[in-house]
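Here is input-v1.txt, consisting of compact mmCIF, N, CA and C atoms:
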# COMPACT_ATOMS: atom_id res chain seq x y z
N LEU A 1 63.97 12.50 -18.20
CA LEU A 1 63.32 11.44 -18.94
C LEU A 1 62.05 10.94 -18.22
N PRO A 2 62.04 10.80 -16.89
CA PRO A 2 60.82 10.32 -16.25
C PRO A 2 59.62 11.24 -16.47
N VAL A 3 59.88 12.54 -16.56
CA VAL A 3 58.77 13.48 -16.78
C VAL A 3 58.31 13.43 -18.24
N ALA A 4 59.22 13.17 -19.15
CA ALA A 4 58.88 13.14 -20.58
C ALA A 4 58.34 11.79 -21.03
N LEU A 5 58.44 10.77 -20.19
CA LEU A 5 58.03 9.43 -20.58
C LEU A 5 56.57 9.34 -21.05
N PRO A 6 55.61 10.01 -20.41
CA PRO A 6 54.24 9.94 -20.93
C PRO A 6 54.11 10.44 -22.37
N LEU A 7 54.82 11.51 -22.70
CA LEU A 7 54.74 12.02 -24.07
C LEU A 7 55.47 11.12 -25.06
N VAL A 8 56.56 10.52 -24.62
CA VAL A 8 57.28 9.59 -25.48
C VAL A 8 56.40 8.38 -25.79
N LEU A 9 55.75 7.84 -24.76
CA LEU A 9 54.86 6.69 -24.97
C LEU A 9 53.67 7.06 -25.84
N LEU A 10 53.15 8.27 -25.67
CA LEU A 10 52.04 8.73 -26.50
C LEU A 10 52.46 8.80 -27.97
N GLY A 11 53.65 9.31 -28.22
CA GLY A 11 54.15 9.38 -29.59
C GLY A 11 54.36 8.00 -30.21
N LEU A 12 54.92 7.09 -29.42
CA LEU A 12 55.11 5.72 -29.92
C LEU A 12 53.78 5.02 -30.18
N ARG A 13 52.82 5.22 -29.27
CA ARG A 13 51.50 4.60 -29.45
C ARG A 13 50.82 5.13 -30.71
N THR A 14 50.87 6.44 -30.89
CA THR A 14 50.25 7.05 -32.06
C THR A 14 50.91 6.56 -33.36
N ALA A 15 52.24 6.48 -33.35
CA ALA A 15 52.95 6.02 -34.54
C ALA A 15 52.62 4.56 -34.85
N LEU A 16 52.55 3.73 -33.84
CA LEU A 16 52.26 2.32 -34.07
C LEU A 16 50.84 2.09 -34.58
N ILE A 17 49.89 2.82 -34.03
CA ILE A 17 48.51 2.72 -34.51
C ILE A 17 48.42 3.20 -35.95
N GLN A 18 49.14 4.25 -36.28
CA GLN A 18 49.16 4.75 -37.67
C GLN A 18 49.76 3.71 -38.61
N ILE A 19 50.80 3.04 -38.19
CA ILE A 19 51.42 2.00 -39.01
C ILE A 19 50.46 0.84 -39.22
N ILE A 20 49.77 0.44 -38.16
CA ILE A 20 48.81 -0.67 -38.27
C ILE A 20 47.69 -0.31 -39.24
N SER A 21 47.19 0.89 -39.12
CA SER A 21 46.06 1.27 -39.97
C SER A 21 46.45 1.46 -41.43
N THR A 22 47.64 1.97 -41.68
CA THR A 22 48.04 2.18 -43.08
C THR A 22 48.72 0.97 -43.70
N ALA A 23 49.09 -0.02 -42.90
CA ALA A 23 49.71 -1.22 -43.46
C ALA A 23 48.74 -2.02 -44.31
N THR A 24 47.45 -1.81 -44.11
CA THR A 24 46.47 -2.50 -44.94
C THR A 24 46.53 -2.03 -46.39
N ILE A 25 47.05 -0.83 -46.60
CA ILE A 25 47.15 -0.28 -47.97
C ILE A 25 48.22 -1.03 -48.76
N ALA A 26 49.16 -1.67 -48.09
CA ALA A 26 50.23 -2.40 -48.78
C ALA A 26 49.68 -3.52 -49.65
N ALA A 27 48.51 -4.01 -49.33
CA ALA A 27 47.92 -5.09 -50.14
C ALA A 27 47.54 -4.60 -51.53
N TYR A 28 47.31 -3.32 -51.71
CA TYR A 28 46.95 -2.81 -53.03
C TYR A 28 48.10 -2.93 -54.02
N VAL A 29 49.32 -2.92 -53.53
CA VAL A 29 50.47 -3.06 -54.44
C VAL A 29 51.07 -4.46 -54.38
N GLY A 30 50.35 -5.39 -53.76
CA GLY A 30 50.76 -6.79 -53.77
C GLY A 30 51.73 -7.19 -52.69
N LEU A 31 51.81 -6.43 -51.59
CA LEU A 31 52.75 -6.78 -50.53
C LEU A 31 52.12 -7.62 -49.43
N GLY A 32 50.86 -7.94 -49.52
CA GLY A 32 50.21 -8.83 -48.55
C GLY A 32 49.83 -8.13 -47.26
N GLY A 33 49.82 -8.88 -46.19
CA GLY A 33 49.43 -8.35 -44.90
C GLY A 33 47.94 -8.56 -44.65
N LEU A 34 47.43 -7.96 -43.58
CA LEU A 34 46.02 -8.10 -43.26
C LEU A 34 45.12 -7.42 -44.29
N GLY A 35 45.65 -6.48 -45.01
CA GLY A 35 44.88 -5.82 -46.06
C GLY A 35 44.56 -6.74 -47.22
N ARG A 36 45.28 -7.83 -47.32
CA ARG A 36 45.04 -8.79 -48.40
C ARG A 36 43.62 -9.33 -48.34
N TYR A 37 43.10 -9.59 -47.14
CA TYR A 37 41.73 -10.07 -46.99
C TYR A 37 40.73 -9.03 -47.49
N ILE A 38 41.02 -7.79 -47.22
CA ILE A 38 40.10 -6.72 -47.62
C ILE A 38 40.13 -6.54 -49.14
N VAL A 39 41.31 -6.50 -49.72
CA VAL A 39 41.44 -6.29 -51.17
C VAL A 39 40.89 -7.48 -51.95
N ASP A 40 41.25 -8.68 -51.53
CA ASP A 40 40.75 -9.87 -52.23
C ASP A 40 39.24 -10.01 -52.07
N GLY A 41 38.74 -9.72 -50.89
CA GLY A 41 37.30 -9.78 -50.67
C GLY A 41 36.56 -8.77 -51.52
N TYR A 42 37.15 -7.59 -51.69
CA TYR A 42 36.51 -6.57 -52.53
C TYR A 42 36.50 -6.99 -54.00
N SER A 43 37.61 -7.57 -54.46
CA SER A 43 37.67 -7.96 -55.87
C SER A 43 36.73 -9.12 -56.18
N ARG A 44 36.50 -10.00 -55.21
CA ARG A 44 35.60 -11.14 -55.42
C ARG A 44 34.18 -10.86 -54.92
N GLN A 45 33.96 -9.69 -54.39
CA GLN A 45 32.69 -9.30 -53.77
C GLN A 45 32.32 -10.27 -52.65
N ASP A 46 33.34 -10.67 -51.90
CA ASP A 46 33.16 -11.54 -50.73
C ASP A 46 33.20 -10.66 -49.49
N TYR A 47 32.03 -10.21 -49.09
CA TYR A 47 31.96 -9.23 -48.01
C TYR A 47 32.28 -9.83 -46.65
N ASP A 48 32.12 -11.13 -46.50
CA ASP A 48 32.52 -11.78 -45.26
C ASP A 48 34.04 -11.72 -45.08
N SER A 49 34.77 -11.93 -46.15
CA SER A 49 36.23 -11.84 -46.10
C SER A 49 36.67 -10.42 -45.81
N MET A 50 36.01 -9.46 -46.42
CA MET A 50 36.33 -8.05 -46.17
C MET A 50 36.08 -7.70 -44.71
N ALA A 51 34.95 -8.12 -44.18
CA ALA A 51 34.62 -7.83 -42.78
C ALA A 51 35.61 -8.52 -41.85
N GLY A 52 35.99 -9.76 -42.18
CA GLY A 52 36.97 -10.47 -41.37
C GLY A 52 38.31 -9.77 -41.33
N GLY A 53 38.78 -9.29 -42.47
CA GLY A 53 40.04 -8.55 -42.53
C GLY A 53 39.96 -7.25 -41.75
N ALA A 54 38.84 -6.55 -41.88
CA ALA A 54 38.67 -5.29 -41.13
C ALA A 54 38.63 -5.55 -39.63
N ILE A 55 37.97 -6.63 -39.23
CA ILE A 55 37.89 -6.96 -37.81
C ILE A 55 39.27 -7.32 -37.27
N LEU A 56 40.07 -8.04 -38.06
CA LEU A 56 41.43 -8.38 -37.63
C LEU A 56 42.28 -7.12 -37.42
N VAL A 57 42.15 -6.16 -38.31
CA VAL A 57 42.90 -4.91 -38.16
C VAL A 57 42.42 -4.15 -36.92
N ILE A 58 41.12 -4.12 -36.70
CA ILE A 58 40.58 -3.44 -35.53
C ILE A 58 41.06 -4.11 -34.25
N VAL A 59 41.03 -5.44 -34.21
CA VAL A 59 41.47 -6.16 -33.01
C VAL A 59 42.95 -5.91 -32.75
N LEU A 60 43.76 -5.91 -33.79
CA LEU A 60 45.18 -5.62 -33.62
C LEU A 60 45.40 -4.21 -33.08
N ALA A 61 44.65 -3.24 -33.57
CA ALA A 61 44.78 -1.87 -33.09
C ALA A 61 44.34 -1.75 -31.63
N VAL A 62 43.25 -2.41 -31.27
CA VAL A 62 42.76 -2.35 -29.89
C VAL A 62 43.74 -3.04 -28.94
N LEU A 63 44.31 -4.17 -29.36
CA LEU A 63 45.30 -4.85 -28.53
C LEU A 63 46.55 -3.99 -28.35
N THR A 64 46.93 -3.27 -29.38
CA THR A 64 48.07 -2.37 -29.28
C THR A 64 47.77 -1.25 -28.29
N GLN A 65 46.56 -0.69 -28.36
CA GLN A 65 46.16 0.35 -27.40
C GLN A 65 46.21 -0.19 -25.98
N ALA A 66 45.71 -1.40 -25.77
CA ALA A 66 45.70 -1.99 -24.43
C ALA A 66 47.13 -2.26 -23.94
N ALA A 67 48.00 -2.70 -24.82
CA ALA A 67 49.38 -2.95 -24.43
C ALA A 67 50.07 -1.66 -24.01
N PHE A 68 49.82 -0.58 -24.73
CA PHE A 68 50.42 0.69 -24.36
C PHE A 68 49.80 1.26 -23.09
N ALA A 69 48.54 0.98 -22.84
CA ALA A 69 47.92 1.41 -21.58
C ALA A 69 48.58 0.71 -20.40
N LEU A 70 48.84 -0.60 -20.55
CA LEU A 70 49.54 -1.33 -19.49
C LEU A 70 50.97 -0.85 -19.32
N LEU A 71 51.65 -0.61 -20.44
CA LEU A 71 53.01 -0.10 -20.38
C LEU A 71 53.05 1.25 -19.69
N TYR A 72 52.11 2.12 -20.01
CA TYR A 72 52.03 3.43 -19.38
C TYR A 72 51.81 3.30 -17.88
N ARG A 73 50.94 2.38 -17.51
CA ARG A 73 50.62 2.20 -16.09
C ARG A 73 51.82 1.71 -15.29
N TYR A 74 52.63 0.83 -15.88
CA TYR A 74 53.76 0.28 -15.15
C TYR A 74 55.06 1.07 -15.33
N ALA A 75 55.21 1.79 -16.42
CA ALA A 75 56.47 2.48 -16.69
C ALA A 75 56.50 3.90 -16.13
N VAL A 76 55.34 4.56 -16.09
CA VAL A 76 55.29 5.94 -15.61
C VAL A 76 54.99 5.92 -14.12
N SER A 77 55.79 6.69 -13.36
CA SER A 77 55.59 6.70 -11.91
C SER A 77 54.25 7.33 -11.55
N ALA A 78 53.73 6.96 -10.39
CA ALA A 78 52.40 7.41 -9.96
C ALA A 78 52.34 8.93 -9.82
N GLY A 79 53.41 9.54 -9.36
CA GLY A 79 53.42 11.00 -9.20
C GLY A 79 53.30 11.72 -10.52
N VAL A 80 53.98 11.22 -11.53
CA VAL A 80 53.90 11.84 -12.86
C VAL A 80 52.52 11.62 -13.46
N ARG A 81 51.94 10.43 -13.24
CA ARG A 81 50.59 10.16 -13.75
C ARG A 81 49.57 11.09 -13.12
N GLN A 82 49.65 11.31 -11.81
CA GLN A 82 48.71 12.20 -11.13
C GLN A 82 48.87 13.63 -11.61
N ARG A 83 50.09 14.03 -11.82
CA ARG A 83 50.34 15.39 -12.29
C ARG A 83 49.81 15.59 -13.71
N ALA A 84 49.97 14.58 -14.54
CA ALA A 84 49.47 14.68 -15.91
C ALA A 84 47.95 14.69 -15.94
N ALA A 85 47.33 13.95 -15.04
CA ALA A 85 45.86 13.92 -14.99
C ALA A 85 45.31 15.23 -14.46
N ALA A 86 46.05 15.92 -13.60
CA ALA A 86 45.56 17.17 -13.01
C ALA A 86 45.62 18.32 -14.00
N SER A 87 46.53 18.27 -14.94
CA SER A 87 46.66 19.41 -15.86
C SER A 87 45.85 19.26 -17.11
Written as structure tokens, how would this file's structure read?
Amino acid sequence: LPVALPLVLLGLRTALIQIISTATIAAYVGLGGLGRYIVDGYSRQDYDSMAGGAILVIVLAVLTQAAFALLYRYAVSAGVRQRAAAS
């Protein structure tokens, strides 16, 4: 498990970013979420609202990336990190 941990974290990070990015589509069928700002802004031609919703989604994705970078740094041993960087 210690050797596989970098790949496990990579898979979880990729899945979570995919969920964040596609969750905005839920607003098209009336389920709300951050996509609601984008859909409502588009229907009212309120481009500030659309930009705000897009920025919120981007910030959430970047914060998720940063959280996984910190988790990777603290959860994966230094020897495994060096070996992964060398290959």
Please check which residues have atoms at most 8 Å from (37.8, -9.0, -45.6) in the file's coordinates, counting all atoms listed in the file, and write them as number ranges by chain.
-> A: 34-42, 46-56
Separation of CA of Ala75 (chain A) and CA of Pro6 (chain A), in Å?
-> 8.9 Å
Do you know which residues are at most 9 Å from Phe68 (chain A) counting only C-alpha atoms, after dropping those on the same chain fewer than 2 positions away, and could you put them as JSON, numbers by chain?
-> {"A": [9, 10, 12, 13, 63, 64, 65, 66, 70, 71, 72, 73]}
Which value, in Å to one decimal, gives the distance between atom C of Ser77 (chain A) and CA of Ala4 (chain A)?
-> 11.7 Å
Alpha helix (DSSP H) call set, DSSP backbone run, region 1-81 of chain A, as a ChimeraX atom specification = /A:5-22,35-44,47-75,78-81
Atom C of Val59 (chain A) to CA of Thr22 (chain A), distance in Å rounded to a single decimal =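 Atom-to-atom, atom C of Val59 (chain A) and CA of Thr22 (chain A) are spaced 14.1 Å apart.
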Take region 31-77 of chain A from the preceding structure and save N, CA and C atoms as a compact mmCIF listing (two decimals), in the first residue's frame.
# COMPACT_ATOMS: atom_id res chain seq x y z
N LEU A 31 -31.14 21.08 -10.22
CA LEU A 31 -30.65 20.55 -8.95
C LEU A 31 -29.79 21.54 -8.18
N GLY A 32 -29.57 22.72 -8.71
CA GLY A 32 -28.83 23.76 -7.99
C GLY A 32 -27.33 23.58 -8.03
N GLY A 33 -26.67 24.04 -7.01
CA GLY A 33 -25.22 23.97 -6.95
C GLY A 33 -24.58 25.24 -7.50
N LEU A 34 -23.27 25.22 -7.66
CA LEU A 34 -22.58 26.39 -8.19
C LEU A 34 -22.93 26.67 -9.65
N GLY A 35 -23.38 25.67 -10.34
CA GLY A 35 -23.80 25.87 -11.73
C GLY A 35 -25.04 26.73 -11.85
N ARG A 36 -25.77 26.88 -10.76
CA ARG A 36 -26.98 27.71 -10.78
C ARG A 36 -26.65 29.14 -11.17
N TYR A 37 -25.53 29.68 -10.68
CA TYR A 37 -25.12 31.03 -11.04
C TYR A 37 -24.85 31.15 -12.53
N ILE A 38 -24.25 30.13 -13.08
CA ILE A 38 -23.92 30.15 -14.51
C ILE A 38 -25.18 30.06 -15.36
N VAL A 39 -26.06 29.13 -15.03
CA VAL A 39 -27.29 28.94 -15.80
C VAL A 39 -28.22 30.14 -15.68
N ASP A 40 -28.41 30.62 -14.46
CA ASP A 40 -29.29 31.78 -14.28
C ASP A 40 -28.70 33.03 -14.93
N GLY A 41 -27.40 33.20 -14.83
CA GLY A 41 -26.75 34.34 -15.47
C GLY A 41 -26.88 34.28 -16.98
N TYR A 42 -26.80 33.08 -17.53
CA TYR A 42 -26.95 32.93 -18.98
C TYR A 42 -28.38 33.25 -19.43
N SER A 43 -29.36 32.78 -18.66
CA SER A 43 -30.75 33.01 -19.05
C SER A 43 -31.13 34.49 -18.93
N ARG A 44 -30.53 35.20 -17.98
CA ARG A 44 -30.83 36.63 -17.81
C ARG A 44 -29.82 37.53 -18.53
N GLN A 45 -28.86 36.93 -19.18
CA GLN A 45 -27.76 37.64 -19.84
C GLN A 45 -27.01 38.52 -18.84
N ASP A 46 -26.84 37.98 -17.64
CA ASP A 46 -26.08 38.64 -16.58
C ASP A 46 -24.70 38.02 -16.55
N TYR A 47 -23.79 38.62 -17.29
CA TYR A 47 -22.48 38.02 -17.47
C TYR A 47 -21.61 38.13 -16.22
N ASP A 48 -21.91 39.08 -15.35
CA ASP A 48 -21.19 39.15 -14.08
C ASP A 48 -21.51 37.95 -13.21
N SER A 49 -22.76 37.55 -13.19
CA SER A 49 -23.17 36.37 -12.42
C SER A 49 -22.55 35.11 -13.00
N MET A 50 -22.51 35.02 -14.31
CA MET A 50 -21.88 33.86 -14.96
C MET A 50 -20.40 33.79 -14.62
N ALA A 51 -19.72 34.92 -14.69
CA ALA A 51 -18.29 34.95 -14.39
C ALA A 51 -18.06 34.61 -12.93
N GLY A 52 -18.92 35.12 -12.04
CA GLY A 52 -18.79 34.81 -10.62
C GLY A 52 -18.95 33.32 -10.34
N GLY A 53 -19.92 32.69 -10.97
CA GLY A 53 -20.12 31.25 -10.81
C GLY A 53 -18.94 30.45 -11.34
N ALA A 54 -18.43 30.87 -12.50
CA ALA A 54 -17.27 30.18 -13.08
C ALA A 54 -16.04 30.34 -12.19
N ILE A 55 -15.87 31.53 -11.63
CA ILE A 55 -14.72 31.76 -10.75
C ILE A 55 -14.84 30.92 -9.48
N LEU A 56 -16.05 30.79 -8.94
CA LEU A 56 -16.25 29.95 -7.76
C LEU A 56 -15.89 28.49 -8.04
N VAL A 57 -16.27 28.00 -9.20
CA VAL A 57 -15.94 26.62 -9.56
C VAL A 57 -14.43 26.46 -9.72
N ILE A 58 -13.79 27.44 -10.35
CA ILE A 58 -12.35 27.39 -10.54
C ILE A 58 -11.63 27.42 -9.19
N VAL A 59 -12.07 28.29 -8.29
CA VAL A 59 -11.44 28.39 -6.97
C VAL A 59 -11.60 27.08 -6.20
N LEU A 60 -12.78 26.48 -6.27
CA LEU A 60 -13.00 25.21 -5.60
C LEU A 60 -12.08 24.12 -6.17
N ALA A 61 -11.91 24.09 -7.48
CA ALA A 61 -11.04 23.09 -8.10
C ALA A 61 -9.58 23.32 -7.71
N VAL A 62 -9.14 24.57 -7.69
CA VAL A 62 -7.76 24.88 -7.31
C VAL A 62 -7.51 24.55 -5.84
N LEU A 63 -8.46 24.84 -4.97
CA LEU A 63 -8.31 24.50 -3.56
C LEU A 63 -8.27 22.98 -3.36
N THR A 64 -9.03 22.26 -4.15
CA THR A 64 -8.99 20.80 -4.09
C THR A 64 -7.62 20.29 -4.52
N GLN A 65 -7.08 20.86 -5.60
CA GLN A 65 -5.73 20.48 -6.06
C GLN A 65 -4.71 20.75 -4.97
N ALA A 66 -4.80 21.91 -4.32
CA ALA A 66 -3.85 22.26 -3.26
C ALA A 66 -3.98 21.32 -2.06
N ALA A 67 -5.20 20.96 -1.72
CA ALA A 67 -5.41 20.05 -0.59
C ALA A 67 -4.80 18.68 -0.89
N PHE A 68 -4.95 18.20 -2.11
CA PHE A 68 -4.37 16.92 -2.46
C PHE A 68 -2.85 17.00 -2.56
N ALA A 69 -2.31 18.13 -2.94
CA ALA A 69 -0.86 18.30 -2.95
C ALA A 69 -0.30 18.22 -1.54
N LEU A 70 -1.00 18.86 -0.58
CA LEU A 70 -0.57 18.77 0.81
C LEU A 70 -0.72 17.35 1.36
N LEU A 71 -1.83 16.71 1.02
CA LEU A 71 -2.04 15.34 1.46
C LEU A 71 -0.96 14.42 0.90
N TYR A 72 -0.62 14.60 -0.36
CA TYR A 72 0.43 13.81 -0.99
C TYR A 72 1.76 14.02 -0.29
N ARG A 73 2.04 15.27 0.04
CA ARG A 73 3.32 15.59 0.69
C ARG A 73 3.45 14.96 2.07
N TYR A 74 2.34 14.92 2.82
CA TYR A 74 2.40 14.39 4.17
C TYR A 74 2.10 12.89 4.26
N ALA A 75 1.36 12.34 3.32
CA ALA A 75 0.97 10.94 3.41
C ALA A 75 1.96 9.99 2.74
N VAL A 76 2.62 10.46 1.68
CA VAL A 76 3.55 9.60 0.95
C VAL A 76 4.94 9.81 1.53
N SER A 77 5.62 8.68 1.82
CA SER A 77 6.96 8.79 2.42
C SER A 77 7.94 9.41 1.42
